[in-house]
Each structure stands twice: as C-alpha cells, then as structure tokens.
$ cat data.cif   # mmCIF, C-alpha atoms
data_work
#
loop_
_atom_site.label_atom_id
_atom_site.label_comp_id
_atom_site.auth_asym_id
_atom_site.auth_seq_id
_atom_site.Cartn_x
_atom_site.Cartn_y
_atom_site.Cartn_z
CA MET V 1 -61.84 -116.46 -202.92
CA ALA V 2 -59.99 -119.48 -204.26
CA VAL V 3 -57.92 -122.29 -202.82
CA LEU V 4 -54.63 -122.90 -204.65
CA VAL V 5 -53.69 -126.60 -204.73
CA THR V 6 -50.09 -127.24 -205.75
CA GLY V 7 -49.57 -130.76 -207.08
CA GLY V 8 -53.32 -130.94 -207.55
CA ALA V 9 -53.05 -133.32 -210.50
CA GLY V 10 -51.31 -135.93 -208.34
CA TYR V 11 -52.87 -138.78 -206.41
CA ILE V 12 -53.77 -137.16 -203.08
CA GLY V 13 -53.92 -133.68 -204.60
CA SER V 14 -56.57 -134.67 -207.16
CA HIS V 15 -58.71 -136.27 -204.45
CA THR V 16 -58.44 -133.09 -202.40
CA VAL V 17 -59.49 -131.05 -205.43
CA ALA V 18 -62.51 -133.37 -205.73
CA ALA V 19 -63.38 -132.82 -202.05
CA LEU V 20 -63.13 -129.04 -202.48
CA LEU V 21 -65.30 -129.17 -205.60
CA GLU V 22 -67.95 -131.13 -203.71
CA ARG V 23 -68.43 -128.22 -201.33
CA GLY V 24 -68.41 -125.54 -204.01
CA GLU V 25 -64.94 -124.04 -203.51
CA GLU V 26 -63.25 -122.05 -206.26
CA ILE V 27 -60.03 -123.94 -207.05
CA VAL V 28 -56.77 -123.09 -208.80
CA ILE V 29 -54.34 -125.94 -209.49
CA VAL V 30 -50.61 -125.70 -210.20
CA ASP V 31 -48.86 -128.85 -211.39
CA ASN V 32 -45.87 -129.44 -213.66
CA LEU V 33 -47.41 -132.82 -214.65
CA GLN V 34 -44.15 -134.72 -214.13
CA GLN V 35 -46.03 -137.16 -211.91
CA GLY V 36 -49.54 -135.73 -212.04
CA HIS V 37 -52.19 -136.39 -214.67
CA ARG V 38 -54.32 -133.80 -216.42
CA GLU V 39 -57.14 -136.38 -216.54
CA ALA V 40 -57.16 -136.55 -212.72
CA VAL V 41 -58.25 -132.93 -212.40
CA LEU V 42 -62.06 -132.99 -212.15
CA GLY V 43 -62.51 -129.21 -212.10
CA GLY V 44 -61.01 -125.85 -211.27
CA LYS V 45 -58.46 -123.83 -213.23
CA LEU V 46 -55.27 -125.77 -214.05
CA TYR V 47 -51.95 -124.03 -214.62
CA GLU V 48 -49.14 -126.23 -215.95
CA GLY V 49 -45.88 -124.95 -214.54
CA ASP V 50 -43.22 -125.19 -211.87
CA LEU V 51 -43.16 -123.56 -208.44
CA ARG V 52 -39.53 -122.62 -208.99
CA ASP V 53 -40.53 -120.36 -211.90
CA GLU V 54 -40.98 -117.04 -210.12
CA ALA V 55 -42.69 -115.22 -213.01
CA PHE V 56 -45.11 -118.10 -213.56
CA LEU V 57 -46.02 -118.33 -209.89
CA ASP V 58 -46.50 -114.59 -209.60
CA GLN V 59 -48.85 -114.74 -212.61
CA VAL V 60 -50.97 -117.40 -210.86
CA PHE V 61 -51.37 -115.22 -207.76
CA LYS V 62 -52.01 -112.05 -209.75
CA GLU V 63 -54.72 -113.65 -211.93
CA ASN V 64 -56.66 -115.22 -209.05
CA SER V 65 -58.04 -114.14 -205.68
CA ILE V 66 -56.37 -116.80 -203.53
CA ASP V 67 -56.95 -116.91 -199.79
CA ALA V 68 -55.41 -120.31 -198.93
CA VAL V 69 -52.91 -122.79 -200.33
CA ILE V 70 -52.78 -126.58 -200.01
CA HIS V 71 -49.25 -127.69 -200.86
CA PHE V 72 -48.71 -131.20 -202.27
CA ALA V 73 -46.08 -130.54 -204.94
CA ALA V 74 -42.96 -132.56 -204.07
CA ASN V 75 -40.86 -135.55 -205.06
CA SER V 76 -41.61 -138.42 -202.69
CA LEU V 77 -39.61 -141.58 -203.51
CA VAL V 78 -37.55 -142.57 -200.48
CA GLY V 79 -35.05 -144.68 -202.44
CA GLU V 80 -34.46 -142.02 -205.07
CA SER V 81 -33.99 -139.39 -202.37
CA MET V 82 -31.04 -141.40 -201.03
CA THR V 83 -29.28 -141.61 -204.41
CA ASN V 84 -30.20 -138.13 -205.64
CA PRO V 85 -30.72 -135.89 -202.59
CA GLY V 86 -29.98 -132.75 -204.60
CA LYS V 87 -33.13 -133.28 -206.66
CA TYR V 88 -35.18 -133.43 -203.47
CA TYR V 89 -33.66 -130.35 -201.89
CA HIS V 90 -34.05 -128.35 -205.10
CA ASN V 91 -37.64 -129.36 -205.87
CA ASN V 92 -39.05 -129.84 -202.38
CA VAL V 93 -37.22 -127.26 -200.28
CA TYR V 94 -36.42 -124.59 -202.86
CA GLY V 95 -39.85 -125.04 -204.47
CA THR V 96 -41.49 -124.43 -201.10
CA LEU V 97 -39.32 -121.35 -200.51
CA CYS V 98 -40.48 -119.93 -203.85
CA LEU V 99 -44.11 -120.66 -202.92
CA LEU V 100 -43.86 -119.02 -199.49
CA GLU V 101 -42.16 -115.95 -200.94
CA ALA V 102 -44.90 -115.64 -203.58
CA MET V 103 -47.55 -116.00 -200.88
CA ASN V 104 -45.92 -113.30 -198.78
CA LYS V 105 -45.56 -110.98 -201.78
CA ASN V 106 -49.23 -111.41 -202.63
CA GLY V 107 -50.62 -111.24 -199.09
CA VAL V 108 -51.78 -114.88 -198.80
CA LYS V 109 -51.46 -115.95 -195.17
CA ARG V 110 -52.74 -119.56 -195.01
CA ILE V 111 -51.09 -122.79 -196.11
CA VAL V 112 -51.89 -126.45 -195.47
CA PHE V 113 -48.86 -128.67 -196.01
CA SER V 114 -48.96 -132.32 -197.05
CA SER V 115 -46.07 -133.59 -194.92
CA THR V 116 -45.10 -137.13 -193.96
CA ALA V 117 -44.63 -139.32 -190.91
CA ALA V 118 -41.17 -140.02 -192.39
CA THR V 119 -40.16 -136.84 -190.53
CA TYR V 120 -40.03 -138.99 -187.36
CA GLY V 121 -37.53 -141.58 -188.60
CA GLU V 122 -37.25 -144.64 -186.36
CA PRO V 123 -40.12 -144.30 -183.89
CA GLU V 124 -39.43 -144.07 -180.16
CA ARG V 125 -42.88 -145.49 -179.47
CA VAL V 126 -45.99 -146.66 -181.28
CA PRO V 127 -48.36 -145.05 -182.00
CA ILE V 128 -46.26 -142.01 -182.90
CA ASP V 129 -47.27 -138.73 -181.27
CA GLU V 130 -46.75 -135.20 -182.66
CA HIS V 131 -44.39 -134.41 -179.79
CA ASP V 132 -42.03 -137.32 -180.55
CA ARG V 133 -38.56 -136.51 -181.83
CA THR V 134 -38.07 -135.89 -185.55
CA VAL V 135 -34.90 -137.59 -186.81
CA PRO V 136 -35.54 -138.60 -190.45
CA THR V 137 -33.62 -141.59 -191.79
CA ASN V 138 -33.84 -140.59 -195.46
CA ALA V 139 -33.42 -137.44 -197.54
CA TYR V 140 -37.10 -137.34 -198.47
CA GLY V 141 -38.17 -137.12 -194.82
CA GLU V 142 -35.39 -134.61 -194.15
CA THR V 143 -36.62 -132.28 -196.90
CA LYS V 144 -40.20 -132.46 -195.65
CA LEU V 145 -39.01 -131.57 -192.15
CA ALA V 146 -37.00 -128.67 -193.60
CA MET V 147 -40.15 -127.47 -195.37
CA GLU V 148 -42.07 -127.55 -192.07
CA LYS V 149 -39.33 -125.56 -190.33
CA MET V 150 -39.34 -123.01 -193.13
CA MET V 151 -43.09 -122.52 -192.67
CA LYS V 152 -42.57 -121.98 -188.95
CA TRP V 153 -40.15 -119.12 -189.58
CA PHE V 154 -42.34 -117.57 -192.30
CA ASP V 155 -45.15 -117.65 -189.75
CA THR V 156 -42.91 -115.91 -187.19
CA ALA V 157 -41.66 -113.29 -189.65
CA HIS V 158 -44.64 -112.76 -191.94
CA GLY V 159 -47.72 -114.19 -190.20
CA ILE V 160 -48.25 -116.99 -192.73
CA HIS V 161 -50.13 -119.55 -190.63
CA TYR V 162 -49.76 -123.21 -191.54
CA VAL V 163 -51.12 -126.65 -190.75
CA SER V 164 -48.76 -129.53 -191.42
CA LEU V 165 -50.30 -132.99 -191.86
CA ARG V 166 -48.04 -136.01 -191.27
CA TYR V 167 -49.16 -139.43 -192.47
CA PHE V 168 -47.89 -142.69 -193.94
CA ASN V 169 -49.74 -144.67 -196.59
CA ALA V 170 -52.59 -143.34 -198.68
CA ALA V 171 -54.62 -145.95 -200.55
CA GLY V 172 -57.92 -146.45 -202.33
CA ALA V 173 -59.75 -144.39 -204.94
CA HIS V 174 -62.56 -141.86 -205.25
CA ALA V 175 -66.09 -143.19 -204.89
CA SER V 176 -66.98 -141.84 -208.34
CA GLY V 177 -64.45 -144.19 -209.95
CA LYS V 178 -63.10 -141.28 -211.99
CA ILE V 179 -59.76 -140.88 -210.21
CA GLY V 180 -57.32 -143.23 -208.51
CA GLU V 181 -53.65 -144.08 -208.04
CA ASP V 182 -51.33 -144.05 -211.06
CA HIS V 183 -47.63 -143.70 -210.26
CA SER V 184 -44.62 -144.44 -212.42
CA PRO V 185 -42.72 -146.13 -210.94
CA GLU V 186 -45.18 -147.60 -208.44
CA THR V 187 -43.72 -148.09 -204.96
CA HIS V 188 -46.82 -148.40 -202.74
CA LEU V 189 -47.80 -151.82 -201.42
CA ILE V 190 -51.53 -151.92 -202.22
CA PRO V 191 -51.29 -150.95 -205.91
CA ILE V 192 -48.32 -153.29 -206.34
CA VAL V 193 -50.37 -156.15 -204.86
CA LEU V 194 -53.24 -155.30 -207.20
CA GLN V 195 -50.89 -155.19 -210.18
CA ALA V 196 -49.91 -158.75 -209.28
CA ALA V 197 -53.62 -159.65 -209.14
CA LEU V 198 -53.99 -158.20 -212.65
CA GLY V 199 -51.05 -160.25 -213.92
CA GLN V 200 -48.95 -157.12 -214.51
CA ARG V 201 -46.33 -158.42 -212.06
CA PRO V 202 -45.25 -162.06 -211.70
CA HIS V 203 -45.44 -161.86 -207.90
CA ILE V 204 -45.36 -159.61 -204.86
CA SER V 205 -42.12 -159.54 -202.85
CA VAL V 206 -42.43 -159.60 -199.07
CA PHE V 207 -39.31 -158.26 -197.40
CA GLY V 208 -38.95 -160.23 -194.19
CA ASP V 209 -41.33 -162.48 -192.27
CA ASP V 210 -39.37 -162.64 -189.01
CA TYR V 211 -40.34 -159.33 -187.45
CA PRO V 212 -41.70 -159.23 -183.88
CA THR V 213 -45.30 -158.97 -185.11
CA GLU V 214 -48.17 -161.46 -185.00
CA ASP V 215 -47.50 -162.88 -188.47
CA GLY V 216 -43.85 -161.84 -188.79
CA THR V 217 -44.37 -159.16 -191.45
CA CYS V 218 -44.16 -155.39 -191.07
CA ILE V 219 -47.21 -153.47 -189.88
CA ARG V 220 -48.13 -150.14 -191.45
CA ASP V 221 -50.87 -147.52 -191.22
CA TYR V 222 -53.16 -147.25 -194.28
CA ILE V 223 -55.63 -144.42 -194.77
CA HIS V 224 -58.21 -144.04 -197.51
CA VAL V 225 -57.15 -141.22 -199.81
CA SER V 226 -60.55 -139.53 -199.54
CA ASP V 227 -60.21 -139.42 -195.74
CA LEU V 228 -56.85 -137.72 -196.22
CA ALA V 229 -58.47 -135.24 -198.59
CA ASP V 230 -61.09 -134.46 -195.96
CA ALA V 231 -58.36 -133.71 -193.41
CA HIS V 232 -56.74 -131.17 -195.75
CA VAL V 233 -60.09 -129.42 -196.24
CA LEU V 234 -60.68 -129.33 -192.46
CA ALA V 235 -57.20 -127.83 -192.04
CA VAL V 236 -58.13 -125.01 -194.43
CA ASP V 237 -61.21 -124.38 -192.29
CA ARG V 238 -59.03 -124.17 -189.18
CA LEU V 239 -56.82 -121.52 -190.77
CA ARG V 240 -59.83 -119.56 -192.06
CA ARG V 241 -61.10 -119.41 -188.46
CA GLY V 242 -57.89 -117.59 -187.57
CA GLU V 243 -56.47 -120.36 -185.39
CA ASP V 244 -52.75 -120.80 -184.78
CA SER V 245 -50.37 -122.92 -186.81
CA ALA V 246 -50.30 -126.60 -185.90
CA VAL V 247 -48.90 -130.03 -186.78
CA TYR V 248 -51.16 -133.09 -186.90
CA ASN V 249 -50.61 -136.78 -187.46
CA LEU V 250 -53.18 -138.61 -189.55
CA GLY V 251 -53.59 -142.31 -188.89
CA ASN V 252 -56.18 -145.03 -189.21
CA GLY V 253 -55.87 -145.90 -185.53
CA GLN V 254 -54.70 -149.41 -186.31
CA GLY V 255 -52.00 -151.06 -188.36
CA PHE V 256 -52.18 -153.79 -190.97
CA SER V 257 -49.43 -156.28 -191.76
CA VAL V 258 -48.11 -157.01 -195.24
CA LYS V 259 -49.66 -160.49 -195.07
CA GLN V 260 -53.01 -159.02 -194.06
CA VAL V 261 -52.95 -156.68 -197.05
CA ILE V 262 -52.19 -159.57 -199.42
CA ASP V 263 -54.80 -161.90 -197.89
CA ILE V 264 -57.55 -159.27 -198.05
CA ALA V 265 -56.54 -158.38 -201.61
CA ARG V 266 -56.94 -162.06 -202.57
CA ASN V 267 -60.44 -162.08 -201.07
CA VAL V 268 -61.45 -158.81 -202.72
CA THR V 269 -60.06 -159.59 -206.18
CA GLU V 270 -60.74 -163.35 -206.13
CA ARG V 271 -57.38 -163.68 -207.89
CA GLU V 272 -54.19 -165.56 -207.16
CA ILE V 273 -51.46 -163.27 -205.88
CA PRO V 274 -48.12 -165.12 -205.86
CA VAL V 275 -45.74 -164.16 -203.05
CA VAL V 276 -41.96 -164.45 -202.94
CA MET V 277 -40.25 -164.04 -199.58
CA GLU V 278 -37.18 -161.82 -199.66
CA ALA V 279 -34.62 -160.73 -197.08
CA ARG V 280 -35.41 -157.79 -194.85
CA ARG V 281 -34.70 -154.34 -196.25
CA ALA V 282 -32.34 -152.17 -194.23
CA GLY V 283 -34.11 -149.57 -192.14
CA ASP V 284 -37.61 -151.09 -192.23
CA PRO V 285 -39.11 -150.74 -188.73
CA ALA V 286 -41.40 -153.55 -187.59
CA VAL V 287 -44.38 -151.30 -186.79
CA LEU V 288 -45.26 -147.79 -187.94
CA ILE V 289 -48.58 -146.39 -186.76
CA ALA V 290 -49.37 -142.73 -186.18
CA SER V 291 -51.72 -141.46 -183.47
CA SER V 292 -54.36 -139.11 -184.86
CA ASP V 293 -55.99 -138.23 -181.51
CA ARG V 294 -55.07 -134.57 -181.81
CA ALA V 295 -56.43 -134.26 -185.37
CA ARG V 296 -59.68 -135.90 -184.32
CA LYS V 297 -60.06 -133.55 -181.35
CA GLU V 298 -58.92 -130.24 -182.87
CA LEU V 299 -59.80 -130.64 -186.57
CA GLY V 300 -62.87 -132.80 -186.04
CA TRP V 301 -61.38 -135.33 -188.46
CA GLN V 302 -62.94 -138.77 -188.42
CA PRO V 303 -61.94 -141.39 -191.03
CA LYS V 304 -65.08 -142.73 -192.70
CA ARG V 305 -63.44 -145.52 -194.69
CA ASP V 306 -61.16 -147.16 -192.11
CA LYS V 307 -61.77 -150.84 -192.90
CA LEU V 308 -58.91 -152.35 -194.88
CA ASP V 309 -61.37 -154.38 -196.99
CA ASP V 310 -63.12 -151.19 -198.10
CA ILE V 311 -59.84 -149.40 -198.82
CA ILE V 312 -58.56 -152.27 -200.98
CA ARG V 313 -61.96 -152.76 -202.68
CA SER V 314 -62.07 -149.12 -203.80
CA ALA V 315 -58.50 -149.39 -205.07
CA TRP V 316 -59.37 -152.59 -206.95
CA GLN V 317 -62.36 -150.95 -208.62
CA TRP V 318 -60.06 -148.25 -209.98
CA HIS V 319 -57.19 -150.53 -211.02
CA SER V 320 -59.39 -153.18 -212.64
CA ALA V 321 -61.24 -150.48 -214.62
CA ASN V 322 -58.01 -148.62 -215.46
CA PRO V 323 -55.31 -151.30 -215.65
CA ASN V 324 -52.96 -149.00 -217.53
CA GLY V 325 -53.73 -145.83 -215.64
CA TYR V 326 -55.01 -142.52 -217.01
CA GLY V 327 -55.71 -142.12 -220.71
CA LYS V 328 -54.06 -145.41 -221.68
CA ASN V 329 -56.94 -147.87 -221.86
#

$ encode --input "data.cif" --output "structure tokens"
Amino acid sequence: MAVLVTGGAGYIGSHTVAALLERGEEIVIVDNLQQGHREAVLGGKLYEGDLRDEAFLDQVFKENSIDAVIHFAANSLVGESMTNPGKYYHNNVYGTLCLLEAMNKNGVKRIVFSSTAATYGEPERVPIDEHDRTVPTNAYGETKLAMEKMMKWFDTAHGIHYVSLRYFNAAGAHASGKIGEDHSPETHLIPIVLQAALGQRPHISVFGDDYPTEDGTCIRDYIHVSDLADAHVLAVDRLRRGEDSAVYNLGNGQGFSVKQVIDIARNVTEREIPVVMEARRAGDPAVLIASSDRARKELGWQPKRDKLDDIIRSAWQWHSANPNGYGKN
C-alpha cells in the first residue's frame, strides 16, 4: 500500500517524501510544479497535475493502491492571500474538496493535513494550545481553517479520519544535502538572511525593534524541516492504528527573536549581514510560539534538531551549495 503525498515536490513535502523513503514506504506524489521542483523528489512515482482536475485525480487513485494521504498542496503566501483571496479559496479549499471526494470515491480513509498556526490569529496566550480560539487574521489562515473543518465533516459523514498539524516556521535542509528550501518569491526569514549573507540581497530588513521582548524584535518558533517531516510520518502511523482524528500543534518549545536569527547566521556563515531597521508591519504579534506537548505525548514526536545554530547551519549548507536553487547552478 502506498502513501499519496500531495505537494510532494515542495519544501516540506519533499522532506516528508525523503522520510517515507528512508523507512521503505511506497510513495505516490502529486504536484502541479507551480512552486515545487521535480529535482526535489528523491523517489516514488511523480504525477504532474492539479487536484482540481477530477479525471486526473481519479486516475492517480485507480492506478495505485493508496491507503493514506499526506496533504501539502496549497498556496501559502499571507500577503498574496490578502490581495487575491479568490486564488486561495479556489486552490486551497476547492482543491481539498476535490481530494476528499476522490478519497471517498476510492475508499481511502486516512489523511494527514499540513495546516498552520495561522489558524489561531492573534494569540490569547503563549505558548498557543490546541484548544485556543481560532480567529485567523488573513485569508491564508482562514482557508486552512476551512480545510480543517471540511475534513471534520467528511470524517463525520464518510469516516475519513484525519490528523491536522499546525505549525509556524519550517527551516533547514535535509542531512543528505540533496534537498532544501527554494521559493520564488522567498518570504521566510532564515533563507532571506542567508541570501543577504550570499550577497544576493543588499540587506535584511527588520520590521520593528520596540516590541516587548528582550531585544525588542519579534520572537517566532522555528522547527527543522526534517523534524516536521517526522511528525507527518508519525501522524500516518496514528491513523493506521485506527485512532481518532486529532489536531496537533508542532513547536520547538522555545522562540527565537529576529536579532537572534541574524546574529547566529553571522556566526554560522562568517559573513557580514547588513541590517536596515524598518517600521513595524501591521498585524505582527510580538511573540508566536506553539505548544507541542500534546504531539509529544500522543504522537511520540520529539524534535531532534531543535538548536537554532544547527537549523541555520543545515540551511546554510544547502544555500551555499545551491545559491540559485534547484537545477540552476
């Protein structure tokens, strides 16, 4: 039996494919390659196509014996979601509806969903708990929450059990050095900092240094991408054991400030990283950290690469070896 990974040519998806390969799973990948990279797929059977294409998706299920799905395929740029929400509802929500209907039609009853801690919006408390209110402040987070709710009702109506994983910032690269982070445009802090170290950006902008934190800059939760991949694999195991649907936060257990990220990147790269202070961005909370106590207890998930130095070092190894991303060196 195979695991279907949608968006498996993307950043976190490709690392999850690698984790599945390492334990001998049969893997089927669906990716439209709008953001994903064929070169990031280290194995398995890759289908290039869109979840919203009913005939294509039905073909994938008919040609393979699939017993579980890991769902990454989605647009994920917060800023873009606010200027073009229709794109996010059509791709994220409608795409997920098509996937769930295809699963139901073909008798596949397990799905692990790559969600986001953006479903919470402005946190009521830190660290954020799974029982905290979900009031997204952007269209991206709203569509992810809608996708979760859809899975809940498909579970009620059709017995499709799900595990939804909510997390903030993935970073780092695979230990093999073969795959890493290559987005266009790049919006994540660590790769942007490393692009500045490589001279690909004139500086790194820091948006606000007057927050109520130790050094005045925002604090965020960073998790090594391979630790995230491990959590998705453990979630598949939970569903295969026949356990109920569940929602889990994934967090490092501690937060790191923007200044900390830049300072450690300077030490790791031994490069100058110019900084320009900018005004605060609207809607940026001072501290965002997710509690992962429940995932640790129920999934048995334990981050193995939780030191920020190690996370940034693995990212630097990828970016310095692949300064122009996949297939462009």

$ residues_around --input "data.cif" --residues "region 19-22 of chain V" --least-positions-apart "5" --cutoff "9 Å" --atoms "all atoms listed in the file" --output "PyMOL selection string"
chain V and resi 3+14+27+42-44+226+229-230+233

$ write_last_selection --input "data.cif" --atoms "C-alpha atoms" --output "CSV table (one decimal), in the frame of the given file"
chain,number,residue,atom,x,y,z
V,3,VAL,CA,-57.9,-122.3,-202.8
V,14,SER,CA,-56.6,-134.7,-207.2
V,27,ILE,CA,-60.0,-123.9,-207.0
V,42,LEU,CA,-62.1,-133.0,-212.2
V,43,GLY,CA,-62.5,-129.2,-212.1
V,44,GLY,CA,-61.0,-125.8,-211.3
V,226,SER,CA,-60.6,-139.5,-199.5
V,229,ALA,CA,-58.5,-135.2,-198.6
V,230,ASP,CA,-61.1,-134.5,-196.0
V,233,VAL,CA,-60.1,-129.4,-196.2

$ closest_residue --input "data.cif" --among "V:His319, V:Arg240, V:Arg281, V:Arg23" --to "Ile160 (chain V)" --atoms "all atoms listed in the file"
V:Arg240

$ resolve_selection --input "data.cif" --expression "the PyMOL selection byres ((chain V and resi 294) around 9)" --output "ChimeraX atom specification"
/V:129-130,248-250,291-293,295-299

$ resolve_selection --input "data.cif" --expression "the PyMOL selection byres ((chain V and resi 186) around 12)" --output "NGL selection string"
:V and (11 or 35 or 76-77 or 181-185 or 187-195 or 200-201 or 325)

$ resolve_selection --input "data.cif" --expression "the PyMOL selection byres ((chain V and resi 106) around 10)" --output "tab-separated table (two decimals) with C-alpha atoms, in the frame of the given file"
chain	number	residue	atom	x	y	z
V	58	ASP	CA	-46.50	-114.59	-209.60
V	61	PHE	CA	-51.37	-115.22	-207.76
V	62	LYS	CA	-52.01	-112.05	-209.75
V	65	SER	CA	-58.04	-114.14	-205.68
V	66	ILE	CA	-56.37	-116.80	-203.53
V	67	ASP	CA	-56.95	-116.91	-199.79
V	100	LEU	CA	-43.86	-119.02	-199.49
V	101	GLU	CA	-42.16	-115.95	-200.94
V	102	ALA	CA	-44.90	-115.64	-203.58
V	103	MET	CA	-47.55	-116.00	-200.88
V	104	ASN	CA	-45.92	-113.30	-198.78
V	105	LYS	CA	-45.56	-110.98	-201.78
V	107	GLY	CA	-50.62	-111.24	-199.09
V	108	VAL	CA	-51.78	-114.88	-198.80
V	109	LYS	CA	-51.46	-115.95	-195.17

$ residues_around --input "data.cif" --residues "Lys152 (chain V)" --least-positions-apart "3" --cutoff "12 Å" --atoms "only C-alpha atoms" --output "list in words"
Leu100, Ile111, Phe113, Leu145, Ala146, Met147, Glu148, Lys149, Asp155, Thr156, Ala157, His158, Gly159, Ile160, His161, Tyr162, Val163, Ser164, Asp244, Ser245, Ala246 and Val247 of chain V

$ residues_around --input "data.cif" --residues "Arg38 (chain V)" --least-positions-apart "6" --cutoff "12 Å" --atoms "only C-alpha atoms" --output "PyMOL selection string"
chain V and resi 7-11+13-14+29-32+44-48+179+182+326-327

$ atom_distance --input "data.cif" --atom1 "CA of Gly242 (chain V)" --atom2 "CA of Gly141 (chain V)"
28.7 Å

$ closest_residue --input "data.cif" --among "V:Asp284, V:Thr6, V:Met150, V:His90" --to "Val78 (chain V)" --atoms "only C-alpha atoms"
V:Asp284

$ atom_distance --input "data.cif" --atom1 "CA of Glu26 (chain V)" --atom2 "CA of Asn169 (chain V)"
28.1 Å

$ closest_residue --input "data.cif" --among "V:Pro274, V:Gly300, V:Gly255, V:Gly79" --to "Val126 (chain V)" --atoms "all atoms listed in the file"
V:Gly255

$ residues_near_point --input "data.cif" --point "(-33.1, -131.7, -204.0)" --cutoff "12 Å" --atoms "only C-alpha atoms" --output "MDAnalysis selection string"
chainID V and resid 74:77 80:96 139:144 146:147

$ residues_around --input "data.cif" --residues "Val276 (chain V)" --least-positions-apart "6" --cutoff "12 Å" --atoms "all atoms listed in the file" --output "number ranges by chain"
V: 193, 196, 201-209, 259, 262

$ atom_distance --input "data.cif" --atom1 "CA of Asp237 (chain V)" --atom2 "CA of Ala315 (chain V)"
28.2 Å

$ decode --input "data.cif" --residues "region 108-115 of chain V" --atoms "all heavy atoms" --output "mmCIF file, in the first residue's frame"
data_model
loop_
_atom_site.group_PDB
_atom_site.id
_atom_site.type_symbol
_atom_site.label_atom_id
_atom_site.label_comp_id
_atom_site.auth_asym_id
_atom_site.auth_seq_id
_atom_site.Cartn_x
_atom_site.Cartn_y
_atom_site.Cartn_z
ATOM 1 N N VAL V 108 -10.399 5.531 0.410
ATOM 2 C CA VAL V 108 -9.207 5.868 1.198
ATOM 3 C C VAL V 108 -9.661 6.684 2.400
ATOM 4 O O VAL V 108 -10.277 7.740 2.246
ATOM 5 C CB VAL V 108 -8.179 6.653 0.349
ATOM 6 C CG1 VAL V 108 -6.959 7.010 1.188
ATOM 7 C CG2 VAL V 108 -7.768 5.834 -0.870
ATOM 8 N N LYS V 109 -9.350 6.209 3.598
ATOM 9 C CA LYS V 109 -9.966 6.753 4.810
ATOM 10 C C LYS V 109 -8.991 7.437 5.762
ATOM 11 O O LYS V 109 -9.317 7.645 6.923
ATOM 12 C CB LYS V 109 -10.688 5.627 5.568
ATOM 13 C CG LYS V 109 -11.783 4.932 4.760
ATOM 14 C CD LYS V 109 -12.920 5.878 4.409
ATOM 15 C CE LYS V 109 -14.060 5.146 3.714
ATOM 16 N NZ LYS V 109 -15.176 6.068 3.360
ATOM 17 N N ARG V 110 -7.784 7.776 5.303
ATOM 18 C CA ARG V 110 -6.793 8.401 6.189
ATOM 19 C C ARG V 110 -6.137 9.576 5.489
ATOM 20 O O ARG V 110 -5.625 9.431 4.388
ATOM 21 C CB ARG V 110 -5.719 7.391 6.600
ATOM 22 C CG ARG V 110 -6.230 6.108 7.229
ATOM 23 C CD ARG V 110 -5.090 5.162 7.541
ATOM 24 N NE ARG V 110 -5.565 3.869 8.033
ATOM 25 C CZ ARG V 110 -5.714 2.790 7.275
ATOM 26 N NH1 ARG V 110 -5.395 2.853 5.978
ATOM 27 N NH2 ARG V 110 -6.152 1.652 7.786
ATOM 28 N N ILE V 111 -6.088 10.729 6.180
ATOM 29 C CA ILE V 111 -5.404 11.888 5.623
ATOM 30 C C ILE V 111 -4.695 12.665 6.732
ATOM 31 O O ILE V 111 -5.273 12.929 7.795
ATOM 32 C CB ILE V 111 -6.371 12.813 4.834
ATOM 33 C CG1 ILE V 111 -5.618 14.003 4.221
ATOM 34 C CG2 ILE V 111 -7.547 13.270 5.694
ATOM 35 C CD1 ILE V 111 -6.424 14.786 3.204
ATOM 36 N N VAL V 112 -3.451 13.002 6.490
ATOM 37 C CA VAL V 112 -2.677 13.894 7.354
ATOM 38 C C VAL V 112 -2.596 15.237 6.645
ATOM 39 O O VAL V 112 -2.202 15.311 5.474
ATOM 40 C CB VAL V 112 -1.270 13.328 7.622
ATOM 41 C CG1 VAL V 112 -0.434 14.334 8.419
ATOM 42 C CG2 VAL V 112 -1.362 11.998 8.351
ATOM 43 N N PHE V 113 -2.961 16.291 7.351
ATOM 44 C CA PHE V 113 -3.071 17.616 6.742
ATOM 45 C C PHE V 113 -2.001 18.555 7.282
ATOM 46 O O PHE V 113 -1.880 18.736 8.497
ATOM 47 C CB PHE V 113 -4.459 18.188 7.017
ATOM 48 C CG PHE V 113 -4.658 19.597 6.520
ATOM 49 C CD1 PHE V 113 -4.234 19.983 5.265
ATOM 50 C CD2 PHE V 113 -5.288 20.537 7.328
ATOM 51 C CE1 PHE V 113 -4.414 21.277 4.815
ATOM 52 C CE2 PHE V 113 -5.480 21.828 6.888
ATOM 53 C CZ PHE V 113 -5.038 22.204 5.632
ATOM 54 N N SER V 114 -1.239 19.142 6.388
ATOM 55 C CA SER V 114 -0.256 20.166 6.741
ATOM 56 C C SER V 114 -0.987 21.490 6.907
ATOM 57 O O SER V 114 -1.243 22.196 5.928
ATOM 58 C CB SER V 114 0.807 20.259 5.642
ATOM 59 O OG SER V 114 1.691 21.325 5.898
ATOM 60 N N SER V 115 -1.345 21.814 8.138
ATOM 61 C CA SER V 115 -2.089 23.038 8.416
ATOM 62 C C SER V 115 -1.116 24.137 8.836
ATOM 63 O O SER V 115 0.064 24.109 8.477
ATOM 64 C CB SER V 115 -3.153 22.776 9.475
ATOM 65 O OG SER V 115 -4.024 23.879 9.603
#
